file run32.txt (compact mmCIF, N, CA and C atoms)
# COMPACT_ATOMS: atom_id res chain seq x y z
N MET A 331 13.38 4.20 6.77
CA MET A 331 13.61 3.72 5.43
C MET A 331 15.08 3.92 5.11
N SER A 332 15.71 2.89 4.61
CA SER A 332 17.12 2.99 4.25
C SER A 332 17.26 3.66 2.89
N ARG A 333 18.45 4.10 2.59
CA ARG A 333 18.72 4.76 1.31
C ARG A 333 18.45 3.82 0.14
N ASP A 334 18.79 2.52 0.29
CA ASP A 334 18.56 1.54 -0.77
C ASP A 334 17.08 1.39 -1.08
N GLU A 335 16.25 1.37 -0.03
CA GLU A 335 14.81 1.25 -0.24
C GLU A 335 14.28 2.47 -0.99
N GLU A 336 14.80 3.63 -0.65
CA GLU A 336 14.36 4.86 -1.30
C GLU A 336 14.65 4.82 -2.80
N ILE A 337 15.82 4.31 -3.18
CA ILE A 337 16.19 4.20 -4.58
C ILE A 337 15.27 3.24 -5.31
N ASP A 338 14.85 2.16 -4.64
CA ASP A 338 13.95 1.19 -5.25
C ASP A 338 12.58 1.78 -5.56
N ASP A 339 12.23 2.87 -4.94
CA ASP A 339 10.94 3.50 -5.15
C ASP A 339 11.04 4.60 -6.20
N ASP A 340 11.69 4.29 -7.30
CA ASP A 340 11.84 5.21 -8.41
C ASP A 340 10.73 4.89 -9.42
N PHE A 341 9.83 5.81 -9.59
CA PHE A 341 8.69 5.63 -10.50
C PHE A 341 8.85 6.48 -11.77
N THR A 342 10.09 6.66 -12.19
CA THR A 342 10.36 7.40 -13.42
C THR A 342 9.56 6.79 -14.57
N GLY A 343 8.93 7.66 -15.34
CA GLY A 343 8.16 7.19 -16.49
C GLY A 343 6.69 6.93 -16.18
N HIS A 344 6.32 6.98 -14.92
CA HIS A 344 4.93 6.78 -14.53
C HIS A 344 4.28 8.13 -14.27
N ARG A 345 2.98 8.21 -14.56
CA ARG A 345 2.27 9.49 -14.44
C ARG A 345 1.04 9.34 -13.55
N LEU A 346 0.94 10.27 -12.60
CA LEU A 346 -0.17 10.31 -11.65
C LEU A 346 -0.96 11.59 -11.86
N LEU A 347 -2.28 11.48 -11.80
CA LEU A 347 -3.15 12.65 -11.78
C LEU A 347 -3.60 12.85 -10.34
N LEU A 348 -3.23 13.98 -9.78
CA LEU A 348 -3.62 14.34 -8.41
C LEU A 348 -4.79 15.30 -8.49
N VAL A 349 -5.93 14.88 -7.95
CA VAL A 349 -7.15 15.70 -7.97
C VAL A 349 -7.37 16.19 -6.55
N GLU A 350 -7.09 17.46 -6.33
CA GLU A 350 -7.12 18.03 -4.98
C GLU A 350 -7.40 19.52 -5.10
N ASP A 351 -8.42 20.01 -4.39
CA ASP A 351 -8.78 21.42 -4.51
C ASP A 351 -7.91 22.33 -3.64
N MET A 352 -7.26 21.80 -2.62
CA MET A 352 -6.46 22.62 -1.71
C MET A 352 -5.01 22.69 -2.19
N LYS A 353 -4.56 23.90 -2.50
CA LYS A 353 -3.20 24.10 -3.01
C LYS A 353 -2.16 23.52 -2.06
N ILE A 354 -2.29 23.76 -0.78
CA ILE A 354 -1.30 23.27 0.19
C ILE A 354 -1.23 21.73 0.17
N ASN A 355 -2.37 21.08 0.00
CA ASN A 355 -2.37 19.61 -0.07
C ASN A 355 -1.70 19.11 -1.34
N ARG A 356 -1.90 19.82 -2.45
CA ARG A 356 -1.21 19.45 -3.69
C ARG A 356 0.30 19.58 -3.51
N GLU A 357 0.70 20.67 -2.89
CA GLU A 357 2.13 20.91 -2.65
C GLU A 357 2.73 19.83 -1.74
N ILE A 358 1.99 19.43 -0.73
CA ILE A 358 2.48 18.40 0.20
C ILE A 358 2.70 17.09 -0.55
N VAL A 359 1.72 16.68 -1.35
CA VAL A 359 1.85 15.43 -2.10
C VAL A 359 3.04 15.51 -3.05
N MET A 360 3.19 16.62 -3.73
CA MET A 360 4.28 16.75 -4.68
C MET A 360 5.65 16.72 -3.98
N MET A 361 5.75 17.36 -2.83
CA MET A 361 7.01 17.32 -2.07
C MET A 361 7.26 15.92 -1.50
N LEU A 362 6.20 15.29 -1.02
CA LEU A 362 6.30 13.96 -0.44
C LEU A 362 6.83 12.96 -1.48
N LEU A 363 6.41 13.12 -2.73
CA LEU A 363 6.75 12.15 -3.77
C LEU A 363 7.88 12.61 -4.70
N LYS A 364 8.49 13.73 -4.40
CA LYS A 364 9.55 14.28 -5.27
C LYS A 364 10.66 13.26 -5.50
N SER A 365 11.10 12.57 -4.48
CA SER A 365 12.23 11.64 -4.61
C SER A 365 11.88 10.39 -5.43
N THR A 366 10.61 10.17 -5.70
CA THR A 366 10.20 8.98 -6.46
C THR A 366 10.29 9.20 -7.97
N HIS A 367 10.45 10.45 -8.40
CA HIS A 367 10.53 10.82 -9.82
C HIS A 367 9.23 10.51 -10.56
N LEU A 368 8.16 10.35 -9.83
CA LEU A 368 6.84 10.15 -10.41
C LEU A 368 6.41 11.46 -11.05
N GLU A 369 5.90 11.40 -12.27
CA GLU A 369 5.40 12.61 -12.92
C GLU A 369 3.99 12.87 -12.39
N ILE A 370 3.80 14.03 -11.81
CA ILE A 370 2.51 14.36 -11.19
C ILE A 370 1.90 15.55 -11.91
N GLU A 371 0.66 15.36 -12.37
CA GLU A 371 -0.12 16.46 -12.93
C GLU A 371 -1.29 16.69 -12.00
N CYS A 372 -1.69 17.93 -11.87
CA CYS A 372 -2.72 18.28 -10.90
C CYS A 372 -3.98 18.82 -11.55
N ALA A 373 -5.10 18.44 -10.97
CA ALA A 373 -6.40 19.03 -11.28
C ALA A 373 -6.91 19.65 -9.99
N GLU A 374 -7.40 20.86 -10.08
CA GLU A 374 -7.84 21.58 -8.89
C GLU A 374 -9.28 21.29 -8.50
N ASN A 375 -9.99 20.55 -9.36
CA ASN A 375 -11.37 20.19 -9.05
C ASN A 375 -11.78 19.00 -9.91
N GLY A 376 -12.94 18.46 -9.61
CA GLY A 376 -13.41 17.28 -10.32
C GLY A 376 -13.66 17.52 -11.79
N LEU A 377 -14.24 18.64 -12.14
CA LEU A 377 -14.53 18.94 -13.53
C LEU A 377 -13.24 19.01 -14.35
N GLN A 378 -12.24 19.67 -13.81
CA GLN A 378 -10.95 19.76 -14.49
C GLN A 378 -10.34 18.36 -14.65
N ALA A 379 -10.46 17.51 -13.64
CA ALA A 379 -9.92 16.15 -13.71
C ALA A 379 -10.60 15.35 -14.82
N VAL A 380 -11.91 15.45 -14.90
CA VAL A 380 -12.65 14.73 -15.94
C VAL A 380 -12.22 15.22 -17.32
N GLU A 381 -12.09 16.53 -17.48
CA GLU A 381 -11.66 17.08 -18.77
C GLU A 381 -10.26 16.60 -19.13
N MET A 382 -9.33 16.62 -18.17
CA MET A 382 -7.97 16.16 -18.43
C MET A 382 -7.96 14.68 -18.82
N PHE A 383 -8.75 13.90 -18.11
CA PHE A 383 -8.81 12.47 -18.40
C PHE A 383 -9.40 12.22 -19.78
N MET A 384 -10.47 12.91 -20.12
CA MET A 384 -11.12 12.71 -21.41
C MET A 384 -10.22 13.12 -22.58
N GLN A 385 -9.38 14.11 -22.38
CA GLN A 385 -8.46 14.54 -23.44
C GLN A 385 -7.46 13.45 -23.79
N GLU A 386 -6.98 12.73 -22.78
CA GLU A 386 -5.99 11.68 -23.00
C GLU A 386 -6.24 10.54 -22.01
N PRO A 387 -7.18 9.66 -22.28
CA PRO A 387 -7.55 8.62 -21.32
C PRO A 387 -6.45 7.59 -21.02
N ASN A 388 -5.45 7.48 -21.87
CA ASN A 388 -4.35 6.55 -21.61
C ASN A 388 -3.17 7.23 -20.93
N ARG A 389 -3.28 8.49 -20.64
CA ARG A 389 -2.16 9.28 -20.12
C ARG A 389 -1.79 8.94 -18.68
N TYR A 390 -2.79 8.72 -17.85
CA TYR A 390 -2.54 8.55 -16.41
C TYR A 390 -2.58 7.08 -16.02
N GLU A 391 -1.61 6.68 -15.22
CA GLU A 391 -1.54 5.30 -14.77
C GLU A 391 -2.19 5.12 -13.40
N ILE A 392 -2.40 6.22 -12.71
CA ILE A 392 -3.03 6.19 -11.40
C ILE A 392 -3.58 7.58 -11.10
N ILE A 393 -4.67 7.61 -10.35
CA ILE A 393 -5.27 8.89 -9.93
C ILE A 393 -5.42 8.88 -8.43
N PHE A 394 -4.94 9.94 -7.78
CA PHE A 394 -5.22 10.17 -6.36
C PHE A 394 -6.35 11.19 -6.33
N MET A 395 -7.47 10.80 -5.70
CA MET A 395 -8.70 11.59 -5.76
C MET A 395 -9.13 12.06 -4.38
N ASP A 396 -9.12 13.37 -4.19
CA ASP A 396 -9.71 13.93 -2.98
C ASP A 396 -11.22 13.69 -3.05
N ILE A 397 -11.84 13.47 -1.92
CA ILE A 397 -13.28 13.21 -1.90
C ILE A 397 -14.08 14.50 -1.79
N HIS A 398 -13.70 15.36 -0.87
CA HIS A 398 -14.48 16.56 -0.59
C HIS A 398 -13.93 17.76 -1.33
N MET A 399 -14.58 18.06 -2.46
CA MET A 399 -14.21 19.22 -3.27
C MET A 399 -15.50 19.95 -3.62
N PRO A 400 -15.41 21.27 -3.76
CA PRO A 400 -16.60 22.01 -4.17
C PRO A 400 -16.97 21.67 -5.60
N GLY A 401 -18.23 21.81 -5.92
CA GLY A 401 -18.69 21.49 -7.28
C GLY A 401 -18.81 19.99 -7.42
N MET A 402 -17.97 19.40 -8.21
CA MET A 402 -17.99 17.96 -8.46
C MET A 402 -17.05 17.28 -7.46
N ASN A 403 -17.63 16.52 -6.51
CA ASN A 403 -16.79 15.87 -5.51
C ASN A 403 -16.08 14.65 -6.09
N GLY A 404 -15.27 14.00 -5.27
CA GLY A 404 -14.49 12.86 -5.73
C GLY A 404 -15.33 11.68 -6.18
N TYR A 405 -16.47 11.46 -5.54
CA TYR A 405 -17.35 10.36 -5.95
C TYR A 405 -17.91 10.62 -7.35
N GLU A 406 -18.41 11.83 -7.55
CA GLU A 406 -18.98 12.18 -8.86
C GLU A 406 -17.91 12.15 -9.95
N THR A 407 -16.73 12.63 -9.62
CA THR A 407 -15.63 12.63 -10.58
C THR A 407 -15.26 11.21 -10.97
N THR A 408 -15.18 10.33 -9.99
CA THR A 408 -14.85 8.93 -10.26
C THR A 408 -15.92 8.30 -11.15
N ARG A 409 -17.19 8.55 -10.85
CA ARG A 409 -18.27 7.99 -11.69
C ARG A 409 -18.14 8.47 -13.13
N GLU A 410 -17.84 9.75 -13.32
CA GLU A 410 -17.69 10.30 -14.67
C GLU A 410 -16.52 9.64 -15.41
N ILE A 411 -15.42 9.46 -14.72
CA ILE A 411 -14.25 8.81 -15.34
C ILE A 411 -14.57 7.37 -15.71
N ARG A 412 -15.22 6.65 -14.79
CA ARG A 412 -15.56 5.25 -15.07
C ARG A 412 -16.57 5.14 -16.22
N GLN A 413 -17.53 6.05 -16.29
CA GLN A 413 -18.49 6.03 -17.40
C GLN A 413 -17.78 6.28 -18.72
N TYR A 414 -16.84 7.19 -18.72
CA TYR A 414 -16.10 7.49 -19.94
C TYR A 414 -15.24 6.29 -20.36
N GLU A 415 -14.59 5.65 -19.40
CA GLU A 415 -13.81 4.44 -19.71
C GLU A 415 -14.70 3.37 -20.33
N ASN A 416 -15.88 3.17 -19.76
CA ASN A 416 -16.81 2.17 -20.29
C ASN A 416 -17.26 2.53 -21.70
N LYS A 417 -17.51 3.80 -21.93
CA LYS A 417 -17.92 4.27 -23.25
C LYS A 417 -16.82 3.97 -24.26
N LEU A 418 -15.58 4.26 -23.90
CA LEU A 418 -14.45 4.01 -24.80
C LEU A 418 -14.24 2.52 -25.03
N LYS A 419 -14.40 1.76 -23.99
CA LYS A 419 -14.20 0.31 -24.09
C LYS A 419 -15.24 -0.31 -25.04
N ASN A 420 -16.43 0.20 -25.00
CA ASN A 420 -17.52 -0.36 -25.81
C ASN A 420 -17.54 0.19 -27.24
N ALA A 421 -16.68 1.16 -27.52
CA ALA A 421 -16.60 1.72 -28.88
C ALA A 421 -15.22 1.40 -29.45
N SER A 422 -15.08 1.56 -30.70
CA SER A 422 -13.81 1.26 -31.36
C SER A 422 -13.08 2.56 -31.69
N PHE A 423 -12.53 3.20 -30.67
CA PHE A 423 -11.75 4.40 -30.89
C PHE A 423 -10.30 4.03 -31.14
N LYS A 424 -9.73 4.58 -32.17
CA LYS A 424 -8.35 4.26 -32.53
C LYS A 424 -7.36 4.63 -31.43
N PHE A 425 -7.62 5.73 -30.73
CA PHE A 425 -6.66 6.21 -29.75
C PHE A 425 -6.76 5.48 -28.41
N TYR A 426 -7.75 4.64 -28.25
CA TYR A 426 -7.94 3.97 -26.96
C TYR A 426 -7.69 2.48 -27.10
N ASP A 427 -6.79 1.97 -26.30
CA ASP A 427 -6.46 0.55 -26.30
C ASP A 427 -7.58 -0.21 -25.57
N PRO A 428 -8.33 -1.08 -26.28
CA PRO A 428 -9.45 -1.79 -25.65
C PRO A 428 -8.99 -2.76 -24.55
N ASN A 429 -7.71 -3.11 -24.54
CA ASN A 429 -7.18 -3.99 -23.49
C ASN A 429 -6.69 -3.21 -22.28
N HIS A 430 -6.77 -1.90 -22.38
CA HIS A 430 -6.32 -1.02 -21.29
C HIS A 430 -7.20 -1.27 -20.05
N LYS A 431 -6.56 -1.51 -18.92
CA LYS A 431 -7.30 -1.71 -17.68
C LYS A 431 -7.76 -0.35 -17.16
N PRO A 432 -8.88 -0.32 -16.47
CA PRO A 432 -9.33 0.95 -15.89
C PRO A 432 -8.23 1.54 -14.99
N VAL A 433 -8.07 2.84 -15.08
CA VAL A 433 -7.05 3.52 -14.30
C VAL A 433 -7.38 3.36 -12.80
N PRO A 434 -6.40 2.95 -11.99
CA PRO A 434 -6.66 2.86 -10.55
C PRO A 434 -6.94 4.25 -9.98
N ILE A 435 -8.00 4.36 -9.22
CA ILE A 435 -8.35 5.61 -8.56
C ILE A 435 -8.30 5.36 -7.05
N ILE A 436 -7.44 6.14 -6.39
CA ILE A 436 -7.22 5.99 -4.96
C ILE A 436 -7.79 7.21 -4.25
N ALA A 437 -8.73 6.98 -3.34
CA ALA A 437 -9.29 8.08 -2.55
C ALA A 437 -8.22 8.57 -1.57
N ILE A 438 -8.07 9.88 -1.48
CA ILE A 438 -7.23 10.45 -0.43
C ILE A 438 -8.15 11.34 0.39
N THR A 439 -8.42 10.89 1.60
CA THR A 439 -9.43 11.55 2.42
C THR A 439 -9.21 11.31 3.91
N ALA A 440 -9.71 12.21 4.71
CA ALA A 440 -9.66 12.03 6.15
C ALA A 440 -10.75 11.05 6.61
N ASN A 441 -11.73 10.80 5.75
CA ASN A 441 -12.84 9.89 6.09
C ASN A 441 -12.46 8.46 5.71
N THR A 442 -12.10 7.66 6.70
CA THR A 442 -11.64 6.30 6.40
C THR A 442 -12.41 5.24 7.18
N THR A 443 -13.66 5.52 7.47
CA THR A 443 -14.47 4.51 8.14
C THR A 443 -14.83 3.41 7.14
N LYS A 444 -15.35 2.31 7.64
CA LYS A 444 -15.77 1.21 6.78
C LYS A 444 -16.82 1.69 5.78
N GLU A 445 -17.75 2.51 6.23
CA GLU A 445 -18.80 3.03 5.36
C GLU A 445 -18.21 3.91 4.25
N ASP A 446 -17.24 4.75 4.61
CA ASP A 446 -16.58 5.60 3.62
C ASP A 446 -15.85 4.76 2.59
N ASN A 447 -15.15 3.73 3.05
CA ASN A 447 -14.44 2.84 2.13
C ASN A 447 -15.41 2.14 1.18
N GLU A 448 -16.54 1.68 1.70
CA GLU A 448 -17.54 1.01 0.87
C GLU A 448 -18.14 1.97 -0.15
N LYS A 449 -18.40 3.21 0.27
CA LYS A 449 -18.95 4.20 -0.65
C LYS A 449 -17.97 4.48 -1.78
N SER A 450 -16.69 4.60 -1.44
CA SER A 450 -15.66 4.82 -2.47
C SER A 450 -15.61 3.65 -3.43
N GLU A 451 -15.61 2.45 -2.89
CA GLU A 451 -15.56 1.25 -3.72
C GLU A 451 -16.78 1.17 -4.64
N ASN A 452 -17.95 1.49 -4.09
CA ASN A 452 -19.19 1.43 -4.88
C ASN A 452 -19.23 2.46 -6.00
N THR A 453 -18.45 3.53 -5.90
CA THR A 453 -18.42 4.52 -6.97
C THR A 453 -17.32 4.22 -7.99
N GLY A 454 -16.53 3.17 -7.74
CA GLY A 454 -15.52 2.78 -8.72
C GLY A 454 -14.09 3.05 -8.32
N MET A 455 -13.88 3.49 -7.07
CA MET A 455 -12.51 3.70 -6.61
C MET A 455 -11.90 2.35 -6.24
N ASN A 456 -10.59 2.27 -6.34
CA ASN A 456 -9.89 1.01 -6.08
C ASN A 456 -9.37 0.89 -4.66
N ASP A 457 -9.11 2.03 -4.00
CA ASP A 457 -8.44 1.97 -2.71
C ASP A 457 -8.59 3.29 -1.99
N HIS A 458 -8.05 3.34 -0.76
CA HIS A 458 -8.14 4.49 0.13
C HIS A 458 -6.78 4.79 0.74
N ILE A 459 -6.46 6.05 0.87
CA ILE A 459 -5.32 6.49 1.68
C ILE A 459 -5.86 7.60 2.57
N GLY A 460 -5.65 7.47 3.86
CA GLY A 460 -6.13 8.47 4.80
C GLY A 460 -5.24 9.71 4.86
N LYS A 461 -5.87 10.81 5.22
CA LYS A 461 -5.15 12.05 5.48
C LYS A 461 -5.06 12.22 6.99
N PRO A 462 -3.97 12.71 7.51
CA PRO A 462 -2.77 13.11 6.78
C PRO A 462 -2.09 11.89 6.16
N LEU A 463 -1.43 12.12 5.04
CA LEU A 463 -0.82 11.03 4.28
C LEU A 463 0.36 10.42 5.02
N ASP A 464 0.41 9.11 4.98
CA ASP A 464 1.51 8.33 5.54
C ASP A 464 2.40 7.95 4.36
N TYR A 465 3.63 8.43 4.33
CA TYR A 465 4.54 8.20 3.21
C TYR A 465 4.66 6.72 2.87
N GLU A 466 4.85 5.89 3.87
CA GLU A 466 5.02 4.45 3.62
C GLU A 466 3.78 3.85 2.95
N LEU A 467 2.60 4.26 3.38
CA LEU A 467 1.37 3.76 2.78
C LEU A 467 1.22 4.25 1.34
N VAL A 468 1.56 5.50 1.10
CA VAL A 468 1.48 6.04 -0.27
C VAL A 468 2.41 5.25 -1.18
N ILE A 469 3.63 5.00 -0.73
CA ILE A 469 4.60 4.24 -1.53
C ILE A 469 4.09 2.82 -1.74
N GLU A 470 3.52 2.22 -0.72
CA GLU A 470 2.97 0.87 -0.84
C GLU A 470 1.89 0.82 -1.93
N LYS A 471 1.01 1.81 -1.94
CA LYS A 471 -0.06 1.85 -2.96
C LYS A 471 0.52 2.08 -4.35
N LEU A 472 1.53 2.93 -4.46
CA LEU A 472 2.16 3.15 -5.76
C LEU A 472 2.80 1.87 -6.26
N ARG A 473 3.49 1.15 -5.39
CA ARG A 473 4.08 -0.13 -5.78
C ARG A 473 3.01 -1.11 -6.23
N GLN A 474 1.92 -1.16 -5.46
CA GLN A 474 0.84 -2.09 -5.74
C GLN A 474 0.20 -1.84 -7.11
N TYR A 475 -0.03 -0.59 -7.44
CA TYR A 475 -0.78 -0.28 -8.65
C TYR A 475 0.10 0.06 -9.87
N LEU A 476 1.36 0.39 -9.65
CA LEU A 476 2.21 0.75 -10.79
C LEU A 476 3.22 -0.33 -11.19
N CYS A 477 3.52 -1.21 -10.27
CA CYS A 477 4.55 -2.22 -10.57
C CYS A 477 3.95 -3.57 -10.92

call {"tool": "encode", "arguments": {"input": "run32.txt", "output": "structure tokens"}}
result
Amino acid sequence: MSRDEEIDDDFTGHRLLLVEDMKINREIVMMLLKSTHLEIECAENGLQAVEMFMQEPNRYEIIFMDIHMPGMNGYETTREIRQYENKLKNASFKFYDPNHKPVPIIAITANTTKEDNEKSENTGMNDHIGKPLDYELVIEKLRQYLC
């Protein structure tokens, strides 16, 4: 990647919710994306992610969702977020923009078989990124969903 391309991948002003139970994995993602100036907030589990999302449903422009977490896994977390979005869309809440598109949820997982991808899609996820993370693919997905 040339220096010019790196500058073009400036996501200043955009906010990502990273849902990942492993501290080292959170640190890797944050270091990987440091040069993009993307604002990253972390949830250590699915329940915390749902609570953060419900507090401010317009806050996050994209979510990176680990699949395998103790307690509420990534599939369950995604279903909860999608149900809450639907509830807000069908009600007239002043703080929620009814034209707001559902937040893109990207699975980040080592399981990238066709069946895994279909299961993620069926629970409301928009896309998949395999682990270990490929920087170019992560940037491609950020461009796709944020620009």

call {"tool": "closest_residue", "arguments": {"input": "run32.txt", "among": "A:Gly376, A:Asp351, A:Met360, A:Gly460", "to": "Thr439 in chain A", "atoms": "only N, CA and C atoms"}}
result
A:Gly460

call {"tool": "select_by_dssp", "arguments": {"input": "run32.txt", "residues": "chain A", "states": "helix (DSSP H, G or I)", "output": "PyMOL selection string"}}
result
chain A and resi 333-338+353-362+364-366+376-385+404-420+444-452+465-476

call {"tool": "closest_residue", "arguments": {"input": "run32.txt", "among": "A:Tyr405, A:Ile411, A:Leu347, A:Thr443", "to": "Ile370 in chain A", "atoms": "all atoms listed in the file"}}
result
A:Leu347

call {"tool": "closest_residue", "arguments": {"input": "run32.txt", "among": "A:Lys444, A:Phe341, A:Pro462, A:Ile392", "to": "Tyr475 in chain A", "atoms": "all atoms listed in the file"}}
result
A:Ile392

call {"tool": "atom_distance", "arguments": {"input": "run32.txt", "atom1": "CA of Pro400 in chain A", "atom2": "CA of Ser450 in chain A"}}
result
17.3 Å

call {"tool": "residues_near_point", "arguments": {"input": "run32.txt", "point": "(0.3, 7.1, -17.0)", "cutoff": "5 Å", "atoms": "only N, CA and C atoms", "output": "list in words"}}
result
His344, Arg345, Arg389, Tyr390 and Glu391 of chain A

call {"tool": "closest_residue", "arguments": {"input": "run32.txt", "among": "A:Cys477, A:Leu463, A:Leu348, A:Leu472", "to": "Leu362 in chain A", "atoms": "only C-alpha atoms"}}
result
A:Leu463

call {"tool": "closest_residue", "arguments": {"input": "run32.txt", "among": "A:Glu466, A:Asp339, A:Glu451, A:Glu415", "to": "Val433 in chain A", "atoms": "all atoms listed in the file"}}
result
A:Glu415

call {"tool": "build_atoms", "arguments": {"input": "run32.txt", "residues": "range 340-348 of chain A", "atoms": "all heavy atoms", "output": "compact mmCIF listing (two decimals), keeping the file's coordinate frame"}}
result
# COMPACT_ATOMS: atom_id res chain seq x y z
N ASP A 340 11.69 4.29 -7.30
CA ASP A 340 11.84 5.21 -8.41
C ASP A 340 10.73 4.89 -9.42
O ASP A 340 10.70 3.81 -10.00
CB ASP A 340 13.22 5.03 -9.05
CG ASP A 340 13.49 6.05 -10.15
OD1 ASP A 340 12.53 6.64 -10.69
OD2 ASP A 340 14.67 6.25 -10.46
N PHE A 341 9.83 5.81 -9.59
CA PHE A 341 8.69 5.63 -10.50
C PHE A 341 8.85 6.48 -11.77
O PHE A 341 7.86 6.93 -12.35
CB PHE A 341 7.38 5.95 -9.78
CG PHE A 341 7.08 5.03 -8.64
CD1 PHE A 341 7.30 5.42 -7.32
CD2 PHE A 341 6.62 3.74 -8.87
CE1 PHE A 341 7.04 4.57 -6.26
CE2 PHE A 341 6.37 2.87 -7.82
CZ PHE A 341 6.57 3.28 -6.51
N THR A 342 10.09 6.66 -12.19
CA THR A 342 10.36 7.40 -13.42
C THR A 342 9.56 6.79 -14.57
O THR A 342 9.51 5.58 -14.73
CB THR A 342 11.87 7.35 -13.75
OG1 THR A 342 12.59 7.94 -12.66
CG2 THR A 342 12.17 8.10 -15.04
N GLY A 343 8.93 7.66 -15.34
CA GLY A 343 8.16 7.19 -16.49
C GLY A 343 6.69 6.93 -16.18
O GLY A 343 5.90 6.68 -17.08
N HIS A 344 6.32 6.98 -14.92
CA HIS A 344 4.93 6.78 -14.53
C HIS A 344 4.28 8.13 -14.27
O HIS A 344 4.93 9.07 -13.81
CB HIS A 344 4.83 5.91 -13.27
CG HIS A 344 5.30 4.51 -13.47
ND1 HIS A 344 4.55 3.56 -14.12
CD2 HIS A 344 6.46 3.92 -13.12
CE1 HIS A 344 5.22 2.42 -14.14
NE2 HIS A 344 6.40 2.61 -13.55
N ARG A 345 2.98 8.21 -14.56
CA ARG A 345 2.27 9.49 -14.44
C ARG A 345 1.04 9.34 -13.55
O ARG A 345 0.22 8.46 -13.75
CB ARG A 345 1.86 9.96 -15.83
CG ARG A 345 1.33 11.38 -15.83
CD ARG A 345 1.08 11.88 -17.24
NE ARG A 345 2.34 12.07 -17.94
CZ ARG A 345 2.63 11.48 -19.11
NH1 ARG A 345 1.77 10.70 -19.70
NH2 ARG A 345 3.79 11.71 -19.68
N LEU A 346 0.94 10.27 -12.60
CA LEU A 346 -0.17 10.31 -11.65
C LEU A 346 -0.96 11.59 -11.86
O LEU A 346 -0.38 12.65 -12.10
CB LEU A 346 0.39 10.28 -10.21
CG LEU A 346 -0.60 10.51 -9.08
CD1 LEU A 346 -0.30 9.54 -7.95
CD2 LEU A 346 -0.54 11.92 -8.54
N LEU A 347 -2.28 11.48 -11.80
CA LEU A 347 -3.15 12.65 -11.78
C LEU A 347 -3.60 12.85 -10.34
O LEU A 347 -4.24 11.98 -9.75
CB LEU A 347 -4.37 12.46 -12.70
CG LEU A 347 -5.39 13.60 -12.69
CD1 LEU A 347 -4.77 14.94 -13.10
CD2 LEU A 347 -6.58 13.26 -13.58
N LEU A 348 -3.23 13.98 -9.78
CA LEU A 348 -3.62 14.34 -8.41
C LEU A 348 -4.79 15.30 -8.49
O LEU A 348 -4.68 16.39 -9.05
CB LEU A 348 -2.44 14.99 -7.69
CG LEU A 348 -2.72 15.59 -6.32
CD1 LEU A 348 -3.19 14.52 -5.33
CD2 LEU A 348 -1.47 16.30 -5.80
